[in-house]
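Source file: coords.cif (mmCIF, C-alpha atoms)
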```cif
data_coords
loop_
_atom_site.label_atom_id
_atom_site.label_comp_id
_atom_site.auth_asym_id
_atom_site.auth_seq_id
_atom_site.Cartn_x
_atom_site.Cartn_y
_atom_site.Cartn_z
CA MET A 135 4.36 -73.29 14.84
CA LEU A 136 2.21 -75.40 12.53
CA LYS A 137 0.66 -73.62 9.55
CA SER A 138 -3.05 -72.91 9.93
CA PHE A 139 -5.41 -75.40 8.29
CA SER A 140 -9.04 -76.51 8.29
CA VAL A 141 -10.57 -79.98 8.27
CA LEU A 142 -13.51 -81.21 6.18
CA ILE A 143 -15.58 -84.19 7.38
CA ASN A 144 -18.64 -85.39 5.47
CA LYS A 145 -18.95 -89.13 6.08
CA LYS A 146 -19.92 -91.24 9.06
CA THR A 147 -17.34 -93.19 11.03
CA GLN A 148 -18.68 -96.64 11.90
CA ASN A 149 -18.00 -100.39 11.78
CA PHE A 150 -14.59 -100.44 13.43
CA ASN A 151 -12.86 -102.66 15.98
CA LYS A 152 -9.45 -101.20 16.71
CA LYS A 153 -6.72 -100.83 19.30
CA ILE A 154 -4.99 -97.46 19.63
CA LEU A 155 -2.48 -95.64 21.82
CA VAL A 156 -3.35 -91.96 22.28
CA ASP A 157 -0.76 -89.26 22.90
CA LYS A 158 1.05 -89.00 26.22
CA ASP A 159 -0.48 -86.98 29.03
CA LYS A 160 -0.06 -83.21 28.64
CA SER A 161 -0.84 -82.35 32.26
CA TYR A 162 1.66 -84.90 33.52
CA THR A 163 4.38 -83.85 31.04
CA HIS A 164 4.17 -80.19 32.12
CA ARG A 165 4.63 -81.21 35.75
CA THR A 166 7.53 -83.59 35.09
CA LEU A 167 9.40 -80.89 33.15
CA LEU A 168 8.92 -78.33 35.92
CA LEU A 169 9.86 -80.84 38.60
CA ALA A 170 12.93 -81.99 36.66
CA SER A 171 14.11 -78.37 36.39
CA GLN A 172 14.44 -78.31 40.19
CA ALA A 173 16.12 -81.73 40.49
CA ILE A 174 19.85 -82.26 40.88
CA GLY A 175 21.28 -83.67 37.67
CA LYS A 176 19.84 -85.35 34.60
CA SER A 177 16.23 -86.41 34.10
CA THR A 178 14.91 -88.24 31.04
CA ILE A 179 11.24 -87.73 30.25
CA LYS A 180 9.47 -89.58 27.47
CA GLY A 181 6.43 -87.32 27.44
CA LEU A 182 4.10 -85.42 25.15
CA ILE A 183 5.82 -83.31 22.52
CA SER A 184 3.28 -80.66 21.59
CA ASP A 185 3.01 -76.89 21.21
CA ASP A 186 2.10 -76.46 24.88
CA THR A 187 4.84 -78.66 26.33
CA ILE A 188 7.44 -77.04 24.06
CA THR A 189 6.28 -73.73 25.54
CA THR A 190 7.22 -75.05 28.99
CA VAL A 191 10.60 -76.21 27.66
CA LYS A 192 11.36 -72.80 26.13
CA ALA A 193 10.34 -71.00 29.32
CA LEU A 194 12.71 -73.16 31.35
CA ASN A 195 15.46 -72.60 28.76
CA SER A 196 15.09 -68.85 29.31
CA LEU A 197 15.67 -69.43 33.02
CA GLY A 198 18.92 -71.29 32.45
CA ILE A 199 17.71 -74.91 32.40
CA LEU A 200 19.26 -76.94 29.59
CA ILE A 201 16.70 -79.25 27.98
CA VAL A 202 17.57 -81.38 24.95
CA LYS A 203 14.88 -83.04 22.81
CA LYS A 204 16.26 -86.34 21.51
CA ASN A 205 14.55 -89.49 20.20
CA LYS A 206 11.10 -88.33 21.36
CA LYS A 207 12.45 -87.66 24.85
CA PHE A 208 13.21 -84.55 26.86
CA ILE A 209 16.57 -84.69 28.62
CA VAL A 210 16.52 -82.11 31.43
CA TYR A 211 19.67 -81.01 33.24
CA GLY A 212 18.34 -79.76 36.57
CA ARG A 213 20.25 -77.28 38.72
CA GLY A 214 18.59 -78.11 42.04
CA ILE A 215 15.88 -76.26 43.94
CA GLY A 216 15.99 -72.53 43.21
CA GLY A 217 18.66 -73.12 40.57
CA PHE A 218 17.40 -70.79 37.86
CA LYS A 219 20.06 -68.46 36.42
CA LYS A 220 19.66 -64.70 36.72
CA PHE A 221 17.29 -63.46 34.03
CA ASN A 222 15.58 -60.11 33.61
CA GLY A 223 13.54 -60.46 30.47
CA SER A 224 10.31 -61.49 28.81
CA ILE A 225 8.87 -64.98 28.32
CA ASN A 226 6.09 -65.62 25.79
CA LEU A 227 3.87 -68.51 26.88
CA GLY A 228 1.80 -68.75 23.70
CA GLY A 229 -1.57 -70.24 24.55
CA SER A 230 -0.44 -72.52 27.39
CA GLY A 231 -2.40 -71.70 30.52
CA SER A 232 -0.85 -74.72 32.24
CA THR A 233 2.65 -73.34 31.76
CA LEU A 234 1.58 -69.91 32.99
CA ARG A 235 -0.13 -71.01 36.20
CA MET A 236 2.49 -73.50 37.32
CA LEU A 237 5.57 -71.54 36.25
CA LEU A 238 4.33 -68.68 38.43
CA GLY A 239 4.92 -70.98 41.40
CA LEU A 240 8.61 -71.37 40.60
CA LEU A 241 8.98 -67.68 39.78
CA SER A 242 7.36 -66.65 43.06
CA THR A 243 10.69 -67.26 44.84
CA PHE A 244 12.96 -66.12 41.98
CA PRO A 245 14.18 -62.62 43.00
CA TYR A 246 14.30 -61.02 39.55
CA LYS A 247 11.74 -59.20 37.41
CA ILE A 248 10.24 -61.35 34.67
CA LYS A 249 7.62 -60.25 32.14
CA LEU A 250 5.14 -62.96 31.10
CA THR A 251 2.95 -62.61 28.04
CA GLY A 252 1.08 -64.90 25.65
CA ASP A 253 -1.13 -65.11 22.59
CA SER A 254 -4.56 -63.48 22.24
CA SER A 255 -6.38 -66.47 23.78
CA LEU A 256 -4.16 -66.56 26.87
CA LYS A 257 -4.44 -62.79 27.30
CA ARG A 258 -8.22 -63.16 27.62
CA ARG A 259 -7.96 -65.57 30.54
CA PRO A 260 -7.79 -64.40 34.18
CA VAL A 261 -4.51 -64.95 36.01
CA ARG A 262 -4.94 -65.81 39.68
CA THR A 263 -1.96 -64.74 41.77
CA LYS A 264 -3.44 -64.59 45.28
CA PHE A 265 -1.33 -67.44 46.68
CA ILE A 266 2.05 -66.31 45.38
CA LYS A 267 1.38 -62.76 46.59
CA GLU A 268 0.69 -64.14 50.06
CA ILE A 269 4.18 -65.64 50.27
CA GLY A 270 5.76 -62.32 49.23
CA ALA A 271 5.91 -62.24 45.42
CA ASN A 272 5.19 -58.91 43.74
CA VAL A 273 2.93 -59.06 40.66
CA HIS A 274 1.98 -56.14 38.42
CA PHE A 275 -0.61 -56.36 35.63
CA GLU A 276 -0.96 -53.97 32.71
CA LYS A 277 -4.66 -54.87 32.75
CA LYS A 278 -6.45 -56.27 35.80
CA GLU A 279 -5.69 -59.99 36.18
CA ARG A 280 -4.77 -60.38 32.51
CA LEU A 281 -1.46 -60.83 30.69
CA PRO A 282 0.99 -59.30 30.24
CA LEU A 283 2.27 -59.22 33.81
CA ILE A 284 5.54 -58.59 35.58
CA ILE A 285 6.46 -60.86 38.48
CA HIS A 286 9.25 -60.09 40.93
CA GLY A 287 9.74 -63.08 43.17
CA THR A 288 10.73 -62.82 46.80
CA SER A 289 14.03 -63.92 48.30
CA LEU A 290 12.31 -64.30 51.69
CA PRO A 291 9.21 -66.42 50.96
CA LEU A 292 6.80 -67.07 53.82
CA ALA A 293 5.57 -70.61 54.49
CA LYS A 294 1.80 -70.47 54.94
CA THR A 295 -1.35 -72.55 55.10
CA HIS A 296 -3.28 -72.00 51.87
CA ILE A 297 -6.99 -72.84 51.71
CA MET A 298 -8.26 -73.65 48.22
CA LYS A 299 -11.69 -72.05 48.02
CA ILE A 300 -11.82 -72.60 44.25
CA PRO A 301 -10.76 -76.13 43.27
CA SER A 302 -7.86 -75.94 40.83
CA ALA A 303 -5.12 -78.51 40.32
CA GLN A 304 -2.92 -75.97 38.54
CA LEU A 305 -3.16 -73.42 41.35
CA LYS A 306 -2.44 -76.18 43.85
CA SER A 307 0.62 -77.16 41.79
CA GLN A 308 1.62 -73.49 41.70
CA ILE A 309 1.68 -73.42 45.50
CA LEU A 310 3.58 -76.71 45.79
CA LEU A 311 6.21 -75.66 43.24
CA GLY A 312 6.71 -72.39 45.13
CA ALA A 313 6.95 -74.36 48.36
CA LEU A 314 9.98 -76.27 47.07
CA SER A 315 12.14 -73.18 47.69
CA THR A 316 10.27 -71.80 50.72
CA PRO A 317 11.86 -72.48 54.14
CA GLY A 318 9.64 -74.32 56.60
CA ILE A 319 6.42 -76.23 55.97
CA THR A 320 3.82 -75.07 53.47
CA GLU A 321 0.31 -76.49 53.75
CA VAL A 322 -2.48 -76.70 51.18
CA ILE A 323 -6.02 -77.52 52.27
CA GLU A 324 -8.46 -78.65 49.58
CA LYS A 325 -12.19 -78.70 50.15
CA VAL A 326 -12.69 -80.49 46.82
CA PRO A 327 -9.92 -82.89 45.71
CA THR A 328 -8.28 -82.11 42.36
CA ARG A 329 -5.86 -84.04 40.18
CA ASP A 330 -2.89 -85.02 42.33
CA HIS A 331 -0.15 -85.91 39.83
CA LEU A 332 2.39 -83.51 41.31
CA GLU A 333 1.85 -84.76 44.85
CA ILE A 334 2.34 -88.35 43.70
CA MET A 335 5.54 -87.41 41.85
CA LEU A 336 6.85 -85.53 44.88
CA LYS A 337 6.02 -88.48 47.12
CA GLU A 338 8.14 -90.65 44.85
CA LYS A 339 11.06 -88.20 45.02
CA ILE A 340 11.05 -86.58 48.50
CA GLY A 341 9.22 -89.24 50.51
CA ASN A 342 8.16 -88.13 53.99
CA ASN A 343 8.98 -84.49 53.23
CA ILE A 344 5.52 -84.34 51.69
CA LYS A 345 2.54 -85.66 53.63
CA ILE A 346 -1.04 -86.06 52.46
CA LYS A 347 -3.86 -86.55 54.93
CA LYS A 348 -7.59 -86.99 54.34
CA TYR A 349 -10.17 -85.59 56.77
CA LYS A 350 -13.65 -86.57 55.58
CA LYS A 351 -14.22 -83.91 52.89
CA LEU A 352 -10.86 -82.15 53.32
CA THR A 353 -7.39 -82.99 52.03
CA LYS A 354 -4.29 -81.47 53.65
CA ILE A 355 -0.94 -81.51 51.88
CA SER A 356 2.17 -80.53 53.85
CA ILE A 357 5.54 -80.02 52.16
CA ARG A 358 8.91 -79.16 53.69
CA GLY A 359 10.90 -76.66 51.66
CA PHE A 360 14.40 -77.27 50.28
CA SER A 361 13.98 -81.06 50.24
CA GLN A 362 16.49 -81.66 47.47
CA TYR A 363 16.01 -84.62 45.12
CA ASN A 364 17.89 -86.21 42.25
CA GLY A 365 16.96 -86.43 38.59
CA PHE A 366 14.65 -89.20 37.41
CA ASN A 367 13.58 -91.19 34.35
CA ILE A 368 9.95 -91.59 33.35
CA ASP A 369 7.91 -92.83 30.41
CA VAL A 370 4.68 -90.83 30.65
CA SER A 371 1.47 -92.79 30.04
CA SER A 372 -1.44 -91.79 27.82
CA ASP A 373 -3.74 -88.83 28.41
CA PRO A 374 -7.31 -89.70 29.55
CA SER A 375 -8.50 -86.29 28.33
CA SER A 376 -7.35 -87.19 24.81
CA ALA A 377 -8.83 -90.67 25.13
CA ALA A 378 -12.22 -89.13 26.02
CA PHE A 379 -12.86 -87.95 22.45
CA PHE A 380 -12.27 -91.41 20.98
CA ILE A 381 -14.30 -93.06 23.72
CA ILE A 382 -17.31 -90.84 23.06
CA GLN A 383 -16.87 -91.18 19.31
CA THR A 384 -16.98 -94.97 19.75
CA LEU A 385 -20.05 -94.89 22.01
CA LEU A 386 -21.91 -92.80 19.42
CA SER A 387 -20.80 -94.78 16.33
CA LYS A 388 -22.57 -97.86 14.97
CA ASN A 389 -20.94 -101.30 15.29
CA ALA A 390 -17.85 -99.86 16.94
CA LYS A 391 -15.40 -101.17 19.51
CA LEU A 392 -12.15 -99.61 20.68
CA LYS A 393 -9.33 -100.44 23.08
CA ILE A 394 -7.13 -97.55 24.23
CA SER A 395 -3.95 -98.78 25.91
CA ASN A 396 -1.86 -97.57 28.85
CA VAL A 397 -4.02 -94.63 29.98
CA TYR A 398 -3.77 -92.87 33.35
CA ILE A 399 -6.79 -93.94 35.40
CA ASN A 400 -6.14 -91.74 38.44
CA LYS A 401 -9.65 -91.20 39.88
CA THR A 402 -9.18 -87.42 39.67
CA ARG A 403 -8.87 -87.75 35.87
CA ILE A 404 -11.59 -90.18 34.83
CA GLY A 405 -14.74 -88.61 36.19
CA PHE A 406 -15.98 -88.46 32.59
CA ILE A 407 -16.06 -92.26 32.49
CA ASP A 408 -18.26 -92.38 35.59
CA LEU A 409 -20.63 -89.87 33.96
CA LEU A 410 -20.72 -91.71 30.63
CA LYS A 411 -21.52 -94.98 32.42
CA LYS A 412 -24.47 -93.25 34.10
CA MET A 413 -25.60 -92.30 30.60
CA GLY A 414 -25.47 -95.94 29.52
CA GLY A 415 -21.98 -95.99 28.03
CA LYS A 416 -20.38 -99.44 27.73
CA ILE A 417 -16.89 -98.82 29.12
CA SER A 418 -14.52 -101.02 31.12
CA ILE A 419 -10.93 -100.72 32.38
CA ILE A 420 -8.62 -103.74 32.23
CA ASN A 421 -4.93 -104.60 32.68
CA LYS A 422 -4.36 -102.19 35.57
CA LYS A 423 -0.79 -101.49 36.69
CA THR A 424 1.38 -98.76 38.27
CA ASN A 425 3.70 -96.24 36.60
CA PHE A 426 5.77 -93.91 38.87
CA GLY A 427 3.16 -94.26 41.59
CA GLU A 428 0.22 -93.69 39.20
CA GLN A 429 -2.48 -96.18 38.22
CA VAL A 430 -2.73 -96.89 34.48
CA GLY A 431 -4.87 -99.31 32.49
CA ASP A 432 -6.47 -100.14 29.15
CA ILE A 433 -9.89 -98.65 28.42
CA VAL A 434 -12.34 -100.71 26.36
CA CYS A 435 -15.53 -99.18 24.97
CA LYS A 436 -18.18 -100.02 22.38
CA SER A 437 -21.29 -98.66 20.70
CA SER A 438 -23.99 -97.64 23.19
CA SER A 439 -27.46 -96.14 23.29
CA LEU A 440 -26.97 -93.13 25.55
CA ARG A 441 -29.59 -91.52 27.73
CA ASN A 442 -29.75 -87.99 29.09
CA ILE A 443 -28.03 -86.90 32.29
CA SER A 444 -28.78 -84.32 34.95
CA TYR A 445 -25.38 -83.24 36.22
CA ASN A 446 -24.21 -81.22 39.20
CA SER A 447 -20.93 -81.25 41.10
CA SER A 448 -22.25 -83.63 43.77
CA ILE A 449 -22.47 -86.42 41.16
CA VAL A 450 -18.86 -86.10 39.97
CA PRO A 451 -16.69 -83.18 41.20
CA VAL A 452 -16.10 -80.63 38.43
CA PRO A 453 -12.26 -80.92 38.65
CA TYR A 454 -12.55 -84.66 37.85
CA LEU A 455 -13.85 -83.92 34.34
CA ILE A 456 -13.06 -80.25 33.73
CA ASP A 457 -11.21 -80.96 30.45
CA GLU A 458 -13.75 -83.45 29.14
CA PHE A 459 -16.97 -81.45 29.31
CA SER A 460 -16.70 -80.40 25.66
CA ALA A 461 -16.69 -84.06 24.63
CA ILE A 462 -19.45 -84.97 27.09
CA PHE A 463 -21.66 -82.28 25.59
CA CYS A 464 -21.39 -84.18 22.28
CA ALA A 465 -22.63 -87.34 24.00
CA ALA A 466 -25.54 -85.42 25.50
CA ALA A 467 -26.40 -83.87 22.13
CA LEU A 468 -26.92 -87.31 20.58
CA SER A 469 -28.54 -88.99 23.59
CA ASN A 470 -32.21 -89.56 24.29
CA GLY A 471 -33.79 -86.74 26.30
CA ILE A 472 -32.80 -83.41 27.81
CA SER A 473 -29.47 -83.17 29.64
CA TYR A 474 -28.87 -80.44 32.19
CA PHE A 475 -25.40 -79.45 33.40
CA ARG A 476 -25.05 -77.26 36.49
CA ASP A 477 -22.06 -75.93 38.48
CA ILE A 478 -19.93 -75.50 35.35
CA SER A 479 -18.97 -71.83 35.60
CA GLU A 480 -15.25 -72.70 35.59
CA LEU A 481 -15.60 -73.69 31.90
CA ALA A 482 -15.82 -70.00 31.05
CA PHE A 483 -12.12 -69.62 31.91
CA LYS A 484 -10.61 -72.19 29.56
CA GLU A 485 -9.09 -71.51 26.10
CA SER A 486 -12.56 -70.31 25.15
CA ASN A 487 -15.75 -69.93 27.15
CA ARG A 488 -16.65 -73.59 26.66
CA ILE A 489 -20.26 -73.14 27.75
CA LEU A 490 -20.80 -70.56 25.03
CA SER A 491 -18.61 -72.41 22.49
CA ALA A 492 -20.52 -75.65 23.01
CA SER A 493 -23.84 -73.90 22.62
CA LYS A 494 -22.75 -72.31 19.34
CA ILE A 495 -21.46 -75.56 17.90
CA LEU A 496 -24.50 -77.60 18.94
CA LYS A 497 -26.77 -74.95 17.46
CA ALA A 498 -24.88 -75.32 14.15
CA PHE A 499 -25.76 -79.05 14.28
CA ASN A 500 -29.46 -78.19 14.89
CA ILE A 501 -29.25 -79.18 18.56
CA LYS A 502 -31.26 -76.89 20.80
CA THR A 503 -29.51 -75.53 23.91
CA LYS A 504 -30.08 -73.03 26.72
CA TYR A 505 -27.16 -71.68 28.70
CA SER A 506 -26.19 -69.32 31.49
CA LYS A 507 -22.92 -68.46 33.25
CA ASN A 508 -23.16 -71.66 35.28
CA THR A 509 -25.43 -74.05 33.35
CA LEU A 510 -26.06 -75.67 29.99
CA LYS A 511 -29.22 -77.48 28.93
CA ILE A 512 -28.96 -79.72 25.86
CA TYR A 513 -32.01 -81.12 24.05
CA GLY A 514 -30.62 -84.41 22.79
CA ASN A 515 -31.54 -85.86 19.38
CA PRO A 516 -29.90 -89.20 18.46
CA ASN A 517 -31.61 -89.24 15.03
CA ILE A 518 -30.47 -85.85 13.84
CA LEU A 519 -30.32 -85.26 10.07
CA ILE A 520 -28.50 -82.23 8.70
CA ASN A 521 -28.88 -81.15 5.07
CA LYS A 522 -26.63 -78.09 5.11
CA LYS A 523 -22.93 -77.34 5.13
CA ILE A 524 -21.66 -76.39 8.59
CA VAL A 525 -18.64 -74.13 9.01
CA ILE A 526 -17.12 -73.94 12.48
CA PRO A 527 -15.11 -70.71 12.78
CA ARG A 528 -11.62 -70.56 14.26
CA MET A 529 -12.00 -70.68 18.06
CA MET A 530 -8.39 -71.27 19.22
CA ASP A 531 -9.59 -74.05 21.53
CA HIS A 532 -8.24 -77.54 20.89
CA ARG A 533 -10.98 -79.38 22.78
CA VAL A 534 -13.77 -77.48 21.06
CA CYS A 535 -12.25 -78.36 17.67
CA MET A 536 -12.05 -82.06 18.55
CA SER A 537 -15.62 -82.01 19.86
CA ALA A 538 -16.88 -80.58 16.57
CA PHE A 539 -14.88 -83.26 14.72
CA VAL A 540 -16.52 -86.02 16.79
CA LEU A 541 -20.02 -84.66 16.11
CA ALA A 542 -19.29 -84.43 12.39
CA SER A 543 -17.90 -87.96 12.18
CA VAL A 544 -20.74 -89.69 14.03
CA THR A 545 -23.52 -87.78 12.22
CA GLY A 546 -21.92 -87.81 8.76
CA SER A 547 -22.59 -84.09 8.46
CA ASN A 548 -20.80 -81.90 5.92
CA VAL A 549 -18.60 -79.89 8.27
CA VAL A 550 -15.55 -77.63 7.89
CA ILE A 551 -13.65 -76.85 11.11
CA LYS A 552 -11.30 -73.89 10.80
CA GLY A 553 -8.12 -73.36 12.79
CA PHE A 554 -7.71 -77.08 13.44
CA GLU A 555 -3.96 -76.71 13.98
CA THR A 556 -4.76 -75.69 17.57
CA VAL A 557 -5.30 -79.40 18.32
CA ASN A 558 -1.53 -79.75 18.08
CA SER A 559 -1.27 -78.03 21.47
CA SER A 560 -2.49 -81.17 23.25
CA PHE A 561 -3.05 -84.04 20.81
CA PRO A 562 -0.72 -84.00 17.75
CA ALA A 563 -1.68 -87.58 16.76
CA PHE A 564 -5.45 -86.91 16.72
CA LEU A 565 -5.92 -86.96 12.94
CA LYS A 566 -3.49 -89.86 12.46
CA LEU A 567 -5.51 -91.96 14.92
CA GLN A 568 -8.77 -90.89 13.26
CA LYS A 569 -7.43 -92.39 10.04
CA LYS A 570 -6.59 -95.59 11.90
CA ILE A 571 -10.20 -96.12 13.03
CA GLY A 572 -11.45 -95.35 9.51
CA THR A 573 -12.59 -91.72 9.69
CA LYS A 574 -12.63 -89.98 6.30
CA PHE A 575 -11.59 -86.34 6.24
CA LYS A 576 -9.67 -83.81 4.15
CA ILE A 577 -7.13 -81.18 5.12
CA LEU A 578 -7.91 -77.77 3.64
CA TRP A 579 -5.14 -75.18 3.44
CA ASN A 580 -5.29 -71.42 3.02
CA LEU A 581 -8.94 -70.93 3.97
CA LYS A 582 -9.70 -67.49 5.34
CA ASN A 583 -10.27 -67.62 9.11
#
```
Kindly return the structure encoded in the file as structure tokens.
Amino acid sequence: MLKSFSVLINKKTQNFNKKILVDKDKSYTHRTLLLASQAIGKSTIKGLISDDTITTVKALNSLGILIVKKNKKFIVYGRGIGGFKKFNGSINLGGSGSTLRMLLGLLSTFPYKIKLTGDSSLKRRPVRTKFIKEIGANVHFEKKERLPLIIHGTSLPLAKTHIMKIPSAQLKSQILLGALSTPGITEVIEKVPTRDHLEIMLKEKIGNNIKIKKYKKLTKISIRGFSQYNGFNIDVSSDPSSAAFFIIQTLLSKNAKLKISNVYINKTRIGFIDLLKKMGGKISIINKKTNFGEQVGDIVCKSSSLRNISYNSSIVPVPYLIDEFSAIFCAAALSNGISYFRDISELAFKESNRILSASKILKAFNIKTKYSKNTLKIYGNPNILINKKIVIPRMMDHRVCMSAFVLASVTGSNVVIKGFETVNSSFPAFLKLQKKIGTKFKILWNLKN
């Protein structure tokens, strides 16, 4: 683990015209690792190497899957569907909620007792196990719906039709991963579409054994269990959630233009771009192509005068921008007018309560807010002047840290952000790329948290 450090920013970032390549997609890398563990033979994945993805690697190692990290690639030696080795022990998942939710799918049909635990931030987050219990897995919590837990998977899983009342791509992936080793046909019905990376990957590997049908507002995914597939090679493209921070930083900076290359532009991942365009953001996507069934492209953005937004889930579905709200709140804070965000209760269940975290940070920057369990109102001020030192306490939330960094850099405020090493969980190259576009900052070691 990286040693704890803080970051000091006290100068504006402006006057840049750069081309960058942000880190590879975290969400996609998690899924490729899990999928490769169930393949027959060798898979080579050039994906994101970060704290969270290493957590997934270590968890799979514990279950008997050999994974070698070599030349910025993961080489995974899959043992086929249901090929985990017998293991009765404990797995620490650190702060990776993605690993936890999706690994539960594979463990739901693994007939041995496994204890799952994590760090203090992951222990605060609810663990939803409704779907894996329905197929026969036994789950016991020490504290209601919180880690640590013990899961004892079933050797006789039941293929079912699962209706997603709460939209969640990770819970959907949990079901699909469990379905791989469930006899018969498992169905998932979504009322609100969520990111579909795993379905696209499975379509590439098992073809007609997974079917996806659209019915007006519903999506039905059907998957036949024990559809074996061979290992694969993939070079994962860049993460749109990481790109979002640089896009918003560019929109809010003076005389700035940025091109971010080879980014996933799956429509379930770029809802934040649609919202920023409604706010007046100058953003375009060029050079579109396909990578392992996924659309990718280059995103070009430049300085913009942003206006306020009134958001609810009918404008852009919440799952299409769930990871980017923290950055969007920065855009709203420095836009003209009052922005009002509704239907955002799911933000309370991320690494931190991001409604509350955003409100605290914006207040530190003299931006007025009002919030509830499901809403956030931001009183934008594009001409804000701050004559005090701001200290952002350690929050153990990578996206909140990056949001505070963006606000500091575009306002030129004197800001110290503690616990910045948490950014390494999703975006290890963040500070390196900030240097590339000309941002001035200092690393501070050994500050008390």
For A:Gly228, the closest of A:Ile577, A:Ile297, A:Ile518, A:Met530 counting only C-alpha atoms is A:Met530
Could you tell me which residues the PyMOL selection byres ((chain A and resi 349-355) around 7) returns for this structure, as a ChimeraX atom specification? /A:321-327,345-348,356-357
Atom CA of A:Ser418 to atom CA of A:Val434 measures 5.2 Å
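You can rank A:Val540, A:Ile340, A:Leu169, A:Val557 by their closest distance to A:Lys574 using all atoms listed in the file, and at the top of that list sits A:Val540.
Against the coordinates shown, the PyMOL selection byres ((chain A and resi 184) around 9) returns Lys160, Leu182, Ile183, Asp185, Asp186, Thr187, Ile188, Thr189, Asn558, Ser559, Ser560, Phe561 and Pro562 of chain A.
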Interface rows for stretch 494-551 of chain A against stretch 371-375 of chain A: nearest pair, Å to one decimal, 12 Å, only C-alpha atoms, as JSON lines:
```
{"residue": "A:His532", "atom": "CA", "partner": "A:Ser375", "partner_atom": "CA", "distance": 11.5}
{"residue": "A:Arg533", "atom": "CA", "partner": "A:Ser375", "partner_atom": "CA", "distance": 9.2}
{"residue": "A:Met536", "atom": "CA", "partner": "A:Ser375", "partner_atom": "CA", "distance": 11.2}
{"residue": "A:Ser537", "atom": "CA", "partner": "A:Ser375", "partner_atom": "CA", "distance": 11.9}
```
Could you add whatever atoms are missing so that stretch 324-328 of chain A carries all heavy atoms, then write the result as a compact mmCIF listing (two decimals), in the coordinates of the input?
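The result, written out as part_26.txt:
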```
# COMPACT_ATOMS: atom_id res chain seq x y z
N GLU A 324 -7.46 -78.58 50.65
CA GLU A 324 -8.46 -78.65 49.58
C GLU A 324 -9.81 -79.06 50.14
O GLU A 324 -9.91 -80.06 50.86
CB GLU A 324 -8.05 -79.69 48.53
CG GLU A 324 -6.93 -79.28 47.63
CD GLU A 324 -6.79 -80.27 46.48
OE1 GLU A 324 -6.52 -81.46 46.73
OE2 GLU A 324 -6.94 -79.86 45.32
N LYS A 325 -10.83 -78.31 49.79
CA LYS A 325 -12.19 -78.70 50.15
C LYS A 325 -12.76 -79.69 49.13
O LYS A 325 -13.58 -80.53 49.47
CB LYS A 325 -13.08 -77.45 50.24
CG LYS A 325 -12.67 -76.49 51.34
CD LYS A 325 -13.60 -75.29 51.40
CE LYS A 325 -13.19 -74.34 52.53
NZ LYS A 325 -14.08 -73.15 52.61
N VAL A 326 -12.32 -79.56 47.89
CA VAL A 326 -12.69 -80.49 46.82
C VAL A 326 -11.39 -81.03 46.22
O VAL A 326 -10.57 -80.24 45.75
CB VAL A 326 -13.51 -79.80 45.72
CG1 VAL A 326 -13.83 -80.78 44.59
CG2 VAL A 326 -14.81 -79.22 46.30
N PRO A 327 -11.16 -82.34 46.26
CA PRO A 327 -9.92 -82.89 45.71
C PRO A 327 -9.79 -82.59 44.22
O PRO A 327 -10.77 -82.59 43.48
CB PRO A 327 -10.05 -84.40 45.96
CG PRO A 327 -11.09 -84.53 47.02
CD PRO A 327 -12.03 -83.40 46.82
N THR A 328 -8.57 -82.30 43.77
CA THR A 328 -8.28 -82.11 42.36
C THR A 328 -7.16 -83.06 41.95
O THR A 328 -6.58 -83.74 42.80
CB THR A 328 -7.86 -80.65 42.08
OG1 THR A 328 -6.67 -80.36 42.85
CG2 THR A 328 -8.96 -79.67 42.47
```
